[in-house]
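Undergrad: One structure is given below, represented as structure tokens, and several questions about it will come after.
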Amino acid sequence: MTTRDIDENVRAELDALRGSIDNIDAAVVHMLAERFKCTQQVGRLKARHHLPPADPAREARQIGRLRELAESARLDPAFAEKLLNFIIAEVIRHHEQLAGTPPTDGETGPVS
């Protein structure tokens, strides 16, 4: 069965749900863009003051905090941690570029 073969009411509900998903995806992208604007400012500040791009203690606190938030939101904490680690890798790459240091392979760093 394809979506063309389903009842009109089901199709309308499916379309409405997909519209909501599309809106949420757009909001997530915009929120990530705002987050990266802030982390770029952090990276510039660190570079100006010769601070290291990575802050493992901050990262550990943020991961713990995000896992708690995920649990309270009924989201898999392991998934939330994986997502944050992906974001962290991009942030540290930006910070290393700003500091003029070579990237670290596989190393996670600050969530800033």
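Naming scheme: A, B, ... for chains in displayed order of the structure tokens; residues 1 onward per chain; ligands 1 onward as shown.
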Please give the complete set of residues from chain A that DSSP, run on the backbone, assigns to alpha helix (DSSP H), formatted as a PyMOL selection string.

TA: chain A and resi 8-48+56-72+77-99

Undergrad: Which polymer residues have any atom within 12 Å of an atom of segment 57-64 of chain A, counting only C-alpha atoms, with same-chain residues fewer than 2 positions away left out, as a compact mmCIF listing (two decimals) with N, CA and C atoms, in the first residue's frame?

TA:
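That gives us selection03.txt:
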# COMPACT_ATOMS: atom_id res chain seq x y z
N PRO A 53 41.18 25.39 23.08
CA PRO A 53 39.88 25.22 22.43
C PRO A 53 38.95 24.27 23.20
N ALA A 54 39.52 23.28 23.86
CA ALA A 54 38.72 22.27 24.57
C ALA A 54 38.62 22.59 26.05
N ASP A 55 37.49 22.22 26.63
CA ASP A 55 37.26 22.36 28.07
C ASP A 55 36.54 21.09 28.53
N LEU A 66 22.52 17.58 29.89
CA LEU A 66 21.67 17.22 28.76
C LEU A 66 21.02 15.86 28.96
N ARG A 67 21.73 14.93 29.56
CA ARG A 67 21.13 13.61 29.82
C ARG A 67 19.95 13.74 30.78
N GLU A 68 20.10 14.59 31.80
CA GLU A 68 18.99 14.81 32.73
C GLU A 68 17.80 15.46 32.02
N LEU A 69 18.08 16.46 31.20
CA LEU A 69 17.00 17.11 30.44
C LEU A 69 16.30 16.10 29.53
N ALA A 70 17.08 15.25 28.89
CA ALA A 70 16.51 14.24 27.99
C ALA A 70 15.59 13.29 28.76
N GLU A 71 16.06 12.85 29.91
CA GLU A 71 15.24 11.95 30.72
C GLU A 71 13.91 12.61 31.10
N PRO A 77 18.39 9.34 26.71
CA PRO A 77 19.58 10.09 27.09
C PRO A 77 20.81 9.73 26.26
N ALA A 78 20.91 8.48 25.85
CA ALA A 78 22.06 8.08 25.02
C ALA A 78 22.00 8.78 23.66
N PHE A 79 20.81 8.90 23.10
CA PHE A 79 20.65 9.63 21.84
C PHE A 79 21.02 11.10 22.03
N ALA A 80 20.54 11.70 23.10
CA ALA A 80 20.84 13.11 23.37
C ALA A 80 22.34 13.32 23.53
N GLU A 81 23.01 12.39 24.19
CA GLU A 81 24.45 12.50 24.36
C GLU A 81 25.17 12.39 23.02
N LYS A 82 24.74 11.47 22.18
CA LYS A 82 25.34 11.33 20.85
C LYS A 82 25.18 12.62 20.05
N LEU A 83 24.00 13.20 20.12
CA LEU A 83 23.75 14.45 19.41
C LEU A 83 24.67 15.55 19.93
N LEU A 84 24.78 15.67 21.25
CA LEU A 84 25.63 16.69 21.83
C LEU A 84 27.10 16.46 21.46
N ASN A 85 27.53 15.21 21.46
CA ASN A 85 28.91 14.92 21.08
C ASN A 85 29.18 15.32 19.63
N PHE A 86 28.21 15.14 18.76
CA PHE A 86 28.34 15.56 17.37
C PHE A 86 28.50 17.08 17.29
N ILE A 87 27.67 17.78 18.06
CA ILE A 87 27.74 19.25 18.09
C ILE A 87 29.08 19.70 18.69
N ILE A 88 29.51 19.04 19.76
CA ILE A 88 30.78 19.37 20.40
C ILE A 88 31.93 19.26 19.41
N ALA A 89 31.93 18.19 18.62
CA ALA A 89 33.01 18.00 17.65
C ALA A 89 33.08 19.18 16.67
N VAL A 91 31.94 22.28 17.26
CA VAL A 91 32.35 23.47 18.02
C VAL A 91 33.86 23.49 18.21
N ILE A 92 34.43 22.37 18.62
CA ILE A 92 35.87 22.36 18.86
C ILE A 92 36.63 22.58 17.56
N GLU A 107 38.90 13.65 18.99
CA GLU A 107 38.84 14.20 20.35
C GLU A 107 37.62 15.09 20.47
N THR A 108 36.89 14.91 21.55
CA THR A 108 35.77 15.80 21.79
C THR A 108 36.26 16.95 22.65
N GLY A 109 35.49 18.00 22.66
CA GLY A 109 35.93 19.17 23.40
C GLY A 109 34.77 19.95 23.92
N PRO A 110 34.89 21.26 23.92
CA PRO A 110 33.94 22.09 24.65
C PRO A 110 32.59 22.20 23.99
N VAL A 111 31.60 22.38 24.82
CA VAL A 111 30.28 22.73 24.33
C VAL A 111 30.10 24.22 24.46
N SER A 112 31.05 24.84 25.07
CA SER A 112 31.18 26.28 25.24
C SER A 112 30.04 26.92 25.89

Undergrad: For the atom pair atom CA of Arg44 of chain A and atom CA of His95 of chain A, what is the interatomic distance in Å to one decimal place?

TA: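 If I compute the distance from atom CA of Arg44 of chain A to atom CA of His95 of chain A, I get 7.5 Å.
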
Undergrad: For Gln40 of chain A, work out the shell of residues within 9 Å, counting only C-alpha atoms and skipping chain neighbours fewer than 2 positions away, then give it as a PyMOL selection string.

TA: chain A and resi 35-38+42-45+91+94-95+98

Undergrad: One decimal, Å: what's the distance from atom CA of Arg93 of chain A over to atom CA of Asp25 of chain A, could you say?

TA: 24.0 Å

Undergrad: Which distance in Å separates atom CA of Pro52 of chain A and atom CA of Gln97 of chain A, to one decimal?

TA: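 Atom CA of Gln97 of chain A lies at a distance of 11.7 Å from atom CA of Pro52 of chain A.
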